[in-house]
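Enquirer: Please find input_21.cif (mmCIF, C-alpha atoms) on the next line:
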data_data
loop_
_atom_site.label_atom_id
_atom_site.label_comp_id
_atom_site.auth_asym_id
_atom_site.auth_seq_id
_atom_site.Cartn_x
_atom_site.Cartn_y
_atom_site.Cartn_z
CA MET A 1 -1.65 18.96 -17.81
CA ALA A 2 -4.09 16.32 -16.65
CA PHE A 3 -4.30 12.90 -18.22
CA GLN A 4 -7.49 11.85 -19.96
CA LYS A 5 -10.34 11.09 -17.56
CA LEU A 6 -10.71 7.44 -16.71
CA PRO A 7 -13.79 5.56 -15.51
CA LEU A 8 -13.76 4.26 -11.97
CA VAL A 9 -14.77 0.82 -13.17
CA ILE A 10 -13.63 -0.85 -16.37
CA ASN A 11 -16.29 -2.91 -18.10
CA GLU A 12 -14.87 -5.81 -20.09
CA SER A 13 -16.16 -9.29 -20.75
CA LYS A 14 -13.06 -10.95 -19.26
CA ALA A 15 -13.59 -9.08 -16.01
CA PHE A 16 -17.24 -10.05 -15.63
CA THR A 17 -16.65 -12.34 -12.68
CA ILE A 18 -14.54 -9.67 -11.00
CA GLN A 19 -17.30 -7.13 -11.60
CA GLU A 20 -19.73 -9.56 -10.00
CA LEU A 21 -17.47 -9.78 -6.95
CA ILE A 22 -17.20 -6.00 -6.65
CA ASN A 23 -20.95 -5.52 -7.05
CA ASN A 24 -21.82 -8.28 -4.59
CA PRO A 25 -23.16 -6.62 -1.40
CA ILE A 26 -21.81 -9.42 0.79
CA LEU A 27 -18.65 -10.85 -0.78
CA TRP A 28 -17.00 -7.51 -1.68
CA PRO A 29 -17.29 -5.98 1.82
CA LEU A 30 -15.96 -9.25 3.28
CA ALA A 31 -13.03 -9.14 0.85
CA LEU A 32 -12.30 -5.54 1.84
CA MET A 33 -12.49 -6.41 5.55
CA LEU A 34 -10.00 -9.21 4.99
CA GLU A 35 -7.74 -6.78 3.11
CA VAL A 36 -7.90 -4.33 6.04
CA LEU A 37 -6.73 -7.10 8.37
CA ILE A 38 -3.92 -8.10 5.99
CA TYR A 39 -2.83 -4.49 5.57
CA SER A 40 -2.88 -3.90 9.33
CA SER A 41 -0.77 -6.96 10.06
CA TYR A 42 2.39 -5.77 8.27
CA GLY A 43 3.74 -3.46 10.97
CA ILE A 44 2.79 -5.97 13.66
CA LEU A 45 4.63 -8.84 11.95
CA ILE A 46 7.74 -6.74 11.25
CA ASN A 47 7.93 -5.72 14.91
CA LEU A 48 7.35 -9.27 16.12
CA GLY A 49 10.26 -10.41 13.97
CA SER A 50 12.59 -7.62 15.16
CA ALA A 51 15.29 -7.82 17.81
CA ASP A 52 15.86 -4.78 20.07
CA GLY A 53 13.71 -2.70 17.75
CA ARG A 54 15.74 -3.56 14.63
CA ALA A 55 14.86 -5.95 11.82
CA THR A 56 17.00 -9.10 11.73
CA PHE A 57 16.96 -9.12 7.92
CA GLU A 58 17.79 -6.70 5.10
CA SER A 59 14.70 -4.77 4.03
CA ALA A 60 15.56 -5.13 0.33
CA SER A 61 15.80 -8.90 0.81
CA LEU A 62 12.29 -9.04 2.28
CA ILE A 63 10.82 -6.85 -0.45
CA LEU A 64 12.63 -8.82 -3.17
CA VAL A 65 11.11 -12.07 -1.92
CA ILE A 66 7.67 -10.40 -1.70
CA GLU A 67 7.96 -9.30 -5.34
CA MET A 68 8.96 -12.84 -6.31
CA VAL A 69 5.94 -14.32 -4.55
CA LYS A 70 3.63 -11.78 -6.19
CA LEU A 71 5.08 -12.55 -9.62
CA ILE A 72 4.69 -16.30 -9.08
CA LEU A 73 1.04 -15.84 -8.08
CA SER A 74 0.44 -13.49 -11.04
CA ILE A 75 1.98 -15.96 -13.49
CA ALA A 76 -0.22 -18.72 -12.06
CA MET A 77 -3.33 -16.60 -12.62
CA LEU A 78 -2.13 -15.55 -16.08
CA TRP A 79 -1.54 -19.19 -16.98
CA GLN A 80 -5.20 -19.95 -16.27
CA GLU A 81 -6.20 -17.12 -18.61
CA VAL A 82 -3.77 -18.23 -21.33
CA SER A 83 -5.20 -21.75 -21.27
CA HIS A 84 -8.55 -20.28 -22.34
CA THR A 85 -7.61 -17.25 -24.47
CA GLY A 86 -4.14 -18.07 -25.82
CA LEU A 87 -0.87 -16.20 -25.42
CA PRO A 88 -1.25 -12.44 -24.83
CA ARG A 89 0.26 -9.82 -27.10
CA PHE A 90 3.38 -8.23 -25.61
CA ARG A 91 3.86 -4.57 -26.57
CA LEU A 92 6.68 -2.35 -25.37
CA LYS A 93 4.32 0.60 -24.89
CA ASP A 94 2.30 -1.50 -22.44
CA ILE A 95 5.37 -2.67 -20.50
CA VAL A 96 7.61 0.40 -20.05
CA PRO A 97 5.13 2.57 -18.03
CA PHE A 98 5.17 0.01 -15.21
CA SER A 99 8.84 0.80 -14.51
CA VAL A 100 7.78 4.12 -12.91
CA PRO A 101 5.48 2.76 -10.16
CA ALA A 102 7.87 -0.17 -9.68
CA LEU A 103 10.64 2.30 -8.81
CA CYS A 104 8.32 4.17 -6.43
CA TYR A 105 7.16 0.98 -4.74
CA CYS A 106 10.76 -0.24 -4.46
CA PHE A 107 11.66 2.93 -2.56
CA ASN A 108 8.54 2.87 -0.36
CA ASN A 109 8.63 -0.82 0.46
CA ASN A 110 12.23 -0.56 1.64
CA ILE A 111 11.80 2.64 3.63
CA SER A 112 8.66 1.27 5.33
CA VAL A 113 10.76 -1.44 7.00
CA TYR A 114 13.14 1.18 8.44
CA MET A 115 10.17 3.29 9.55
CA GLN A 116 9.15 0.53 11.97
CA ALA A 117 12.25 1.30 14.07
CA GLU A 118 11.34 5.01 14.27
CA MET A 119 7.77 4.66 15.56
CA ASP A 120 5.31 2.21 17.09
CA PRO A 121 3.00 0.19 14.79
CA ALA A 122 -0.13 2.20 15.62
CA THR A 123 1.61 5.52 14.91
CA PHE A 124 2.87 4.05 11.64
CA GLN A 125 -0.72 3.38 10.58
CA VAL A 126 -1.91 6.85 11.62
CA LEU A 127 0.86 8.82 9.91
CA CYS A 128 0.62 6.70 6.77
CA ASN A 129 -2.92 8.04 6.38
CA LEU A 130 -1.29 11.21 5.05
CA LYS A 131 -1.35 9.15 1.83
CA ILE A 132 -4.94 10.36 1.55
CA ALA A 133 -3.83 13.97 1.27
CA SER A 134 -1.06 13.29 -1.24
CA THR A 135 -3.26 10.97 -3.31
CA ALA A 136 -6.14 13.45 -3.41
CA LEU A 137 -3.87 16.32 -4.43
CA LEU A 138 -2.21 14.25 -7.15
CA TYR A 139 -5.62 13.12 -8.39
CA ARG A 140 -6.40 16.78 -8.87
CA ILE A 141 -3.09 17.52 -10.61
CA ILE A 142 -2.57 14.40 -12.74
CA ILE A 143 -6.05 13.09 -13.53
CA GLY A 144 -7.88 16.38 -13.11
CA ARG A 145 -10.35 15.29 -10.45
CA LYS A 146 -11.65 18.33 -8.57
CA LEU A 147 -12.08 18.43 -4.79
CA ASN A 148 -15.13 19.95 -3.13
CA ASN A 149 -15.17 21.84 0.17
CA ARG A 150 -15.79 18.74 2.31
CA GLN A 151 -12.87 16.95 0.70
CA TRP A 152 -10.56 19.91 1.33
CA LEU A 153 -11.77 19.99 4.95
CA SER A 154 -10.91 16.29 5.27
CA LEU A 155 -7.36 17.08 4.11
CA VAL A 156 -7.06 19.82 6.72
CA LEU A 157 -8.19 17.37 9.42
CA LEU A 158 -5.65 14.83 8.25
CA SER A 159 -2.86 17.42 8.41
CA LEU A 160 -3.97 18.43 11.90
CA ALA A 161 -4.03 14.78 13.00
CA GLY A 162 -0.54 14.20 11.64
CA GLY A 163 0.75 17.33 13.36
CA ILE A 164 -0.70 16.37 16.75
CA ASN A 165 0.64 12.85 16.53
CA GLY A 166 4.07 14.01 15.36
CA TYR A 167 4.39 16.62 18.13
CA GLN A 168 3.30 14.16 20.82
CA GLY A 169 5.80 11.58 19.58
CA LEU A 170 8.70 14.05 19.52
CA THR A 171 8.04 15.17 23.11
CA ASP A 172 8.13 11.56 24.30
CA GLN A 173 11.60 10.00 24.25
CA THR A 174 10.25 6.51 24.96
CA ARG A 175 11.02 3.87 22.35
CA SER A 176 8.98 1.00 23.78
CA LEU A 177 6.31 -0.73 21.75
CA LYS A 178 4.08 -0.15 24.76
CA GLU A 179 4.20 3.63 24.22
CA ILE A 180 3.16 5.92 21.38
CA HIS A 181 6.32 7.40 19.85
CA VAL A 182 7.87 8.72 16.66
CA THR A 183 11.30 10.25 15.96
CA GLY A 184 12.23 13.22 13.80
CA THR A 185 13.75 10.82 11.28
CA GLY A 186 10.47 8.92 11.30
CA LEU A 187 8.53 12.08 10.40
CA ILE A 188 10.86 12.84 7.47
CA MET A 189 10.50 9.26 6.28
CA THR A 190 6.72 9.60 6.56
CA VAL A 191 6.65 12.68 4.29
CA LEU A 192 8.77 10.93 1.65
CA TYR A 193 6.78 7.71 1.99
CA CYS A 194 3.36 9.35 1.65
CA SER A 195 4.36 11.62 -1.25
CA THR A 196 5.81 8.73 -3.21
CA SER A 197 2.86 6.50 -2.31
CA GLY A 198 0.35 9.09 -3.53
CA PHE A 199 2.06 9.46 -6.89
CA ALA A 200 2.57 5.71 -7.33
CA GLY A 201 -1.08 4.98 -6.49
CA VAL A 202 -2.52 7.55 -8.89
CA TYR A 203 -0.14 6.66 -11.73
CA THR A 204 -0.67 2.92 -11.25
CA GLU A 205 -4.44 3.32 -11.41
CA TYR A 206 -4.05 5.35 -14.60
CA ILE A 207 -1.94 2.78 -16.45
CA LEU A 208 -3.96 -0.18 -15.15
CA LYS A 209 -7.17 1.34 -16.52
CA LYS A 210 -5.70 2.91 -19.65
CA ASP A 211 -6.01 -0.27 -21.71
CA SER A 212 -8.95 -2.38 -20.61
CA LYS A 213 -7.98 -5.13 -23.07
CA VAL A 214 -4.80 -5.98 -21.15
CA SER A 215 -5.56 -8.39 -18.30
CA LEU A 216 -4.71 -7.47 -14.73
CA SER A 217 -2.59 -10.60 -14.32
CA LEU A 218 -0.40 -9.63 -17.27
CA GLN A 219 -0.09 -6.05 -16.02
CA ASN A 220 0.90 -7.36 -12.60
CA CYS A 221 3.58 -9.50 -14.26
CA TYR A 222 5.02 -6.37 -15.88
CA LEU A 223 4.97 -4.45 -12.59
CA TYR A 224 6.45 -7.21 -10.44
CA THR A 225 9.16 -8.07 -12.97
CA PHE A 226 10.40 -4.49 -12.77
CA GLY A 227 10.05 -4.72 -8.99
CA ILE A 228 12.23 -7.83 -8.83
CA VAL A 229 14.97 -6.23 -10.95
CA LEU A 230 15.02 -3.01 -8.89
CA ASN A 231 14.88 -4.74 -5.52
CA PHE A 232 17.57 -7.20 -6.57
CA PHE A 233 19.99 -4.31 -7.07
CA ALA A 234 18.80 -2.73 -3.80
CA TRP A 235 19.52 -6.01 -2.00
CA ILE A 236 22.99 -6.27 -3.59
CA VAL A 237 23.79 -2.74 -2.36
CA GLN A 238 22.52 -3.43 1.18
CA SER A 239 24.19 -6.81 1.61
CA ASP A 240 27.24 -6.31 -0.63
CA GLY A 241 26.29 -9.69 -2.05
CA LYS A 242 27.84 -11.42 0.97
CA GLU A 243 24.71 -12.62 2.75
CA ASN A 244 22.18 -15.29 1.90
CA ILE A 245 18.97 -13.70 0.65
CA PHE A 246 17.05 -15.40 3.49
CA HIS A 247 19.51 -14.32 6.19
CA GLY A 248 17.77 -13.38 9.45
CA TYR A 249 14.33 -14.64 8.37
CA SER A 250 11.91 -15.89 10.99
CA VAL A 251 8.39 -17.25 10.87
CA TYR A 252 7.17 -13.65 11.29
CA ALA A 253 9.19 -12.51 8.30
CA TRP A 254 7.63 -15.22 6.14
CA ALA A 255 4.18 -14.30 7.44
CA ALA A 256 4.86 -10.67 6.48
CA ILE A 257 5.99 -11.78 3.02
CA PHE A 258 2.81 -13.70 2.22
CA ALA A 259 0.61 -11.01 3.78
CA GLN A 260 2.24 -8.31 1.66
CA ALA A 261 2.03 -10.44 -1.47
CA LEU A 262 -1.72 -10.87 -1.00
CA ASN A 263 -2.01 -7.17 -0.14
CA GLY A 264 -0.27 -6.16 -3.37
CA LEU A 265 -2.50 -8.35 -5.54
CA MET A 266 -5.64 -7.08 -3.82
CA MET A 267 -4.57 -3.45 -4.17
CA SER A 268 -3.96 -3.96 -7.91
CA LEU A 269 -7.45 -5.42 -8.29
CA ILE A 270 -8.94 -2.47 -6.40
CA MET A 271 -7.11 0.14 -8.49
CA LYS A 272 -8.02 -1.49 -11.83
CA TYR A 273 -11.66 -2.28 -11.17
CA SER A 274 -12.55 0.25 -8.45
CA SER A 275 -10.46 3.28 -7.44
CA ASN A 276 -7.78 4.70 -5.18
CA ILE A 277 -10.58 5.99 -2.95
CA VAL A 278 -11.36 2.42 -1.89
CA ARG A 279 -7.62 1.85 -1.40
CA LEU A 280 -7.47 4.89 0.90
CA PHE A 281 -10.47 3.64 2.85
CA ILE A 282 -8.60 0.40 3.52
CA ILE A 283 -5.48 2.28 4.64
CA SER A 284 -7.52 4.41 7.03
CA SER A 285 -9.56 1.55 8.39
CA ALA A 286 -6.29 -0.12 9.35
CA ILE A 287 -5.78 2.44 12.15
CA PRO A 288 -8.19 1.00 14.74
CA VAL A 289 -7.32 -2.56 13.67
CA ALA A 290 -3.57 -1.97 14.06
CA THR A 291 -4.17 -0.21 17.39
CA LEU A 292 -6.28 -3.10 18.69
CA LEU A 293 -3.68 -5.65 17.57
CA SER A 294 -0.92 -3.60 19.20
CA MET A 295 -2.88 -3.45 22.45
CA LEU A 296 -3.40 -7.22 22.43
CA ILE A 297 0.09 -8.24 21.32
CA PHE A 298 2.43 -5.51 22.62
CA HIS A 299 0.18 -4.25 25.45
CA LEU A 300 0.25 -0.83 23.82
CA GLN A 301 -1.06 1.95 26.06
CA PRO A 302 -2.61 4.67 23.85
CA ASP A 303 -2.94 8.12 25.41
CA ILE A 304 -5.71 10.69 24.95
CA SER A 305 -3.90 12.51 22.14
CA PHE A 306 -3.66 9.30 20.14
CA PHE A 307 -7.40 8.70 20.43
CA LEU A 308 -7.92 12.33 19.33
CA VAL A 309 -5.72 11.72 16.29
CA THR A 310 -7.61 8.53 15.47
CA VAL A 311 -10.97 10.33 15.70
CA LEU A 312 -9.71 13.15 13.45
CA VAL A 313 -8.44 10.71 10.86
CA MET A 314 -11.64 8.67 10.84
CA LEU A 315 -13.72 11.87 10.61
CA ALA A 316 -11.58 12.98 7.68
CA VAL A 317 -12.10 9.65 5.95
CA PHE A 318 -15.86 9.88 6.53
CA LEU A 319 -16.04 13.40 5.10
CA TYR A 320 -13.92 12.49 2.10
CA ASN A 321 -15.93 9.37 1.24
CA HIS A 322 -19.34 11.02 1.78
CA SER A 323 -18.75 14.25 -0.08
CA ARG A 324 -19.95 13.40 -3.57
#
Taking this structure as input, can you express it in the form of structure tokens?
Expert:
Amino acid sequence: MAFQKLPLVINESKAFTIQELINNPILWPLALMLEVLIYSSYGILINLGSADGRATFESASLILVIEMVKLILSIAMLWQEVSHTGLPRFRLKDIVPFSVPALCYCFNNNISVYMQAEMDPATFQVLCNLKIASTALLYRIIIGRKLNNRQWLSLVLLSLAGGINGYQGLTDQTRSLKEIHVTGTGLIMTVLYCSTSGFAGVYTEYILKKDSKVSLSLQNCYLYTFGIVLNFFAWIVQSDGKENIFHGYSVYAWAAIFAQALNGLMMSLIMKYSSNIVRLFIISSAIPVATLLSMLIFHLQPDISFFLVTVLVMLAVFLYNHSR
């Protein structure tokens, strides 16, 4: 059974300045372009900080620190609101729902680090665009949003793109960052990652928009608090509690931490005041950006099939976003 239909944009007096930002024809596109660059940089930074294709730190440690940074930034923004409006009202029914996406994000954030060792950064960006298919299908199931023929065609193109890229990667045993590659384990991880991501995105948008009177900063505090608790236990399991939480960190790891923290805050803003469709556009736009960065930094040598996959994905995104 579908949840109640929610508006794409929440109108509330407290969010007026945010609405102005979103409706600004210059500032909002610039903000989205910056978000595309931030999103694209994650795989690059993780690979730059790896040794022999493996991360030098525990994935749960990295994600735990990211959640901490996001919570600190959210508290800082909430504090500014509290100084003008007073302390918010804490209700259990507003807090508990955020445990579900927190669990999903905990799983995805940790598996995404391991995925970097199973494929090159550009392939990671391409395959992760299967989030579009899972998100669209779950929109239909959970929120009840119907898909038209063009949108279904875009999903078929995405599946075809993923299949071509996966087959090409499996036939190439190279594991260099200069070559396009993906392992069988990487494909399985991708399916799990994209399915969980689709559900988490749709459900997060639903609970963020469900109560327009609850500020985004407070909702982020709920989400990231659950994230810290879950990732703390994940880190304890991975490290057996024997290693320093910052063990193996490099300047690239810290860069990835702050990039992901900003990415998380921006994605929350997009899902509360815009929609998952904008979020998917950012994810898809990261393909050419990640490919260009990989070519410049790792001297990546894309083949014809990869360009075909990129064209198919971008065509799918165009059809999906111009089918209303």
Enquirer: Which residues, written as number ranges by chain, have at least one atom at most 10 Å from stretch 275-278 of chain A, with all atoms listed in the file counted and residues fewer than 3 positions away on the same chain left out?
Expert: A: 7-9, 32, 132, 135-136, 139, 198, 201-202, 204-206, 209, 267-272, 281-284, 317, 320-321
Enquirer: Which residue is closest to A:Phe199? Choose from A:Leu73, A:Leu37, A:Leu223, A:Ile141 and count all atoms listed in the file.
Expert: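 Closest to A:Phe199 of all the choices is A:Ile141.
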Enquirer: Enumerate, as a list in words, the residues matched when the PyMOL selection byres ((chain A and resi 220) around 8) is run on the file above.
Expert: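 With the PyMOL selection byres ((chain A and resi 220) around 8) on this model, the match is Leu71, Ser74, Leu216, Ser217, Leu218, Gln219, Cys221, Tyr222, Leu223, Tyr224, Leu265 and Ser268 of chain A.
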Enquirer: Looking at A:Ser250, A:Ser83, A:Gln238, A:Asn244, which one is nearest to A:Leu48, with distances taken over all atoms listed in the file?
Expert: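 Using all atoms listed in the file, the shortest distance to A:Leu48 belongs to A:Ser250.
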Enquirer: I would like the residues chosen by the PyMOL selection byres ((chain A and resi 263) around 12) on the shown file; could you give them as a PyMOL selection string?
Expert: chain A and resi 31-42+66-67+69-70+256-262+264-270+279+282-283
Enquirer: Put those residues in a file: C-alpha atoms, as a tab-separated table (two decimals), in the coordinates of the input.
Expert:
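And here's again-v3.tsv as it stands now:
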chain	number	residue	atom	x	y	z
A	31	ALA	CA	-13.03	-9.14	0.85
A	32	LEU	CA	-12.30	-5.54	1.84
A	33	MET	CA	-12.49	-6.41	5.55
A	34	LEU	CA	-10.00	-9.21	4.99
A	35	GLU	CA	-7.74	-6.78	3.11
A	36	VAL	CA	-7.90	-4.33	6.04
A	37	LEU	CA	-6.73	-7.10	8.37
A	38	ILE	CA	-3.92	-8.10	5.99
A	39	TYR	CA	-2.83	-4.49	5.57
A	40	SER	CA	-2.88	-3.90	9.33
A	41	SER	CA	-0.77	-6.96	10.06
A	42	TYR	CA	2.39	-5.77	8.27
A	66	ILE	CA	7.67	-10.40	-1.70
A	67	GLU	CA	7.96	-9.30	-5.34
A	69	VAL	CA	5.94	-14.32	-4.55
A	70	LYS	CA	3.63	-11.78	-6.19
A	256	ALA	CA	4.86	-10.67	6.48
A	257	ILE	CA	5.99	-11.78	3.02
A	258	PHE	CA	2.81	-13.70	2.22
A	259	ALA	CA	0.61	-11.01	3.78
A	260	GLN	CA	2.24	-8.31	1.66
A	261	ALA	CA	2.03	-10.44	-1.47
A	262	LEU	CA	-1.72	-10.87	-1.00
A	264	GLY	CA	-0.27	-6.16	-3.37
A	265	LEU	CA	-2.50	-8.35	-5.54
A	266	MET	CA	-5.64	-7.08	-3.82
A	267	MET	CA	-4.57	-3.45	-4.17
A	268	SER	CA	-3.96	-3.96	-7.91
A	269	LEU	CA	-7.45	-5.42	-8.29
A	270	ILE	CA	-8.94	-2.47	-6.40
A	279	ARG	CA	-7.62	1.85	-1.40
A	282	ILE	CA	-8.60	0.40	3.52
A	283	ILE	CA	-5.48	2.28	4.64
Enquirer: If the PyMOL selection byres ((chain A and resi 149) around 12) is run on the structure shown, which residues does it catch, given as a PyMOL selection string?
Expert: chain A and resi 146-148+150-156+319-320+322-324
Enquirer: Counting only C-alpha atoms, which residues have an atom no more than 10 Å from (5.7, 9.6, 3.5) in the file's coordinates? Please list them as a PyMOL selection string.
Expert: chain A and resi 108+111-112+115+127-131+134+186-198
Enquirer: Let me have the centre and edge lengths of the axis-aligned box enclosing all listed atoms of stretch 84-87 of chain A with 6 Å padding on every side, in Å to one decimal, as JSON.
Expert:
{"center_x": -4.7, "center_y": -18.2, "center_z": -24.1, "size_x": 19.7, "size_y": 16.1, "size_z": 15.5}
Enquirer: Grab the atom CA of A:Val309 to atom CA of A:Ser285 distance for me, in Å with one decimal place.
Expert: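 Result for atom CA of A:Val309 versus atom CA of A:Ser285: 13.4 Å, one decimal.
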Enquirer: Just the residues within 9 Å of A:Cys106, please, counting all atoms listed in the file, with nothing from its chain fewer than 6 positions along; format it as an MDAnalysis selection string.
Expert: chainID A and resid 60 63:64 227:228 230:231 234
Enquirer: How many Å lie between atom CA of A:His299 and atom CA of A:Leu315, rounded to one decimal?
Expert: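 These two atoms are separated by 25.9 Å.
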Enquirer: Smallest atom-to-atom distance to A:Tyr249: which of A:Gln301, A:Ser99, A:Thr291, A:Ser61, using all atoms listed in the file?
Expert: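 Comparing A:Gln301, A:Ser99, A:Thr291, A:Ser61 against A:Tyr249, the winner is A:Ser61.
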Enquirer: Pick from A:Leu293, A:Val214, A:Leu158, A:Ile207: nearest to A:Pro101, with all atoms listed in the file counted?
Expert: A:Ile207
Enquirer: Counting all atoms listed in the file, figure out which residue out of A:Leu30, A:Met119, A:Ala102, A:Leu137 gets nearest to A:Arg54.
Expert: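 Between A:Leu30, A:Met119, A:Ala102, A:Leu137, the residue approaching A:Arg54 most closely is A:Met119.
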Enquirer: Atom CA of A:Asn110 and atom CA of A:Ser59, how far apart in Å?
Expert: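 For atom CA of A:Ser59 relative to atom CA of A:Asn110, the distance reads 5.4 Å.
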Enquirer: In terms of the shortest atom-to-atom distance over only C-alpha atoms, which of A:Phe306, A:Phe98, A:Tyr273, A:Phe90 is closest to A:Leu21?
Expert: A:Tyr273
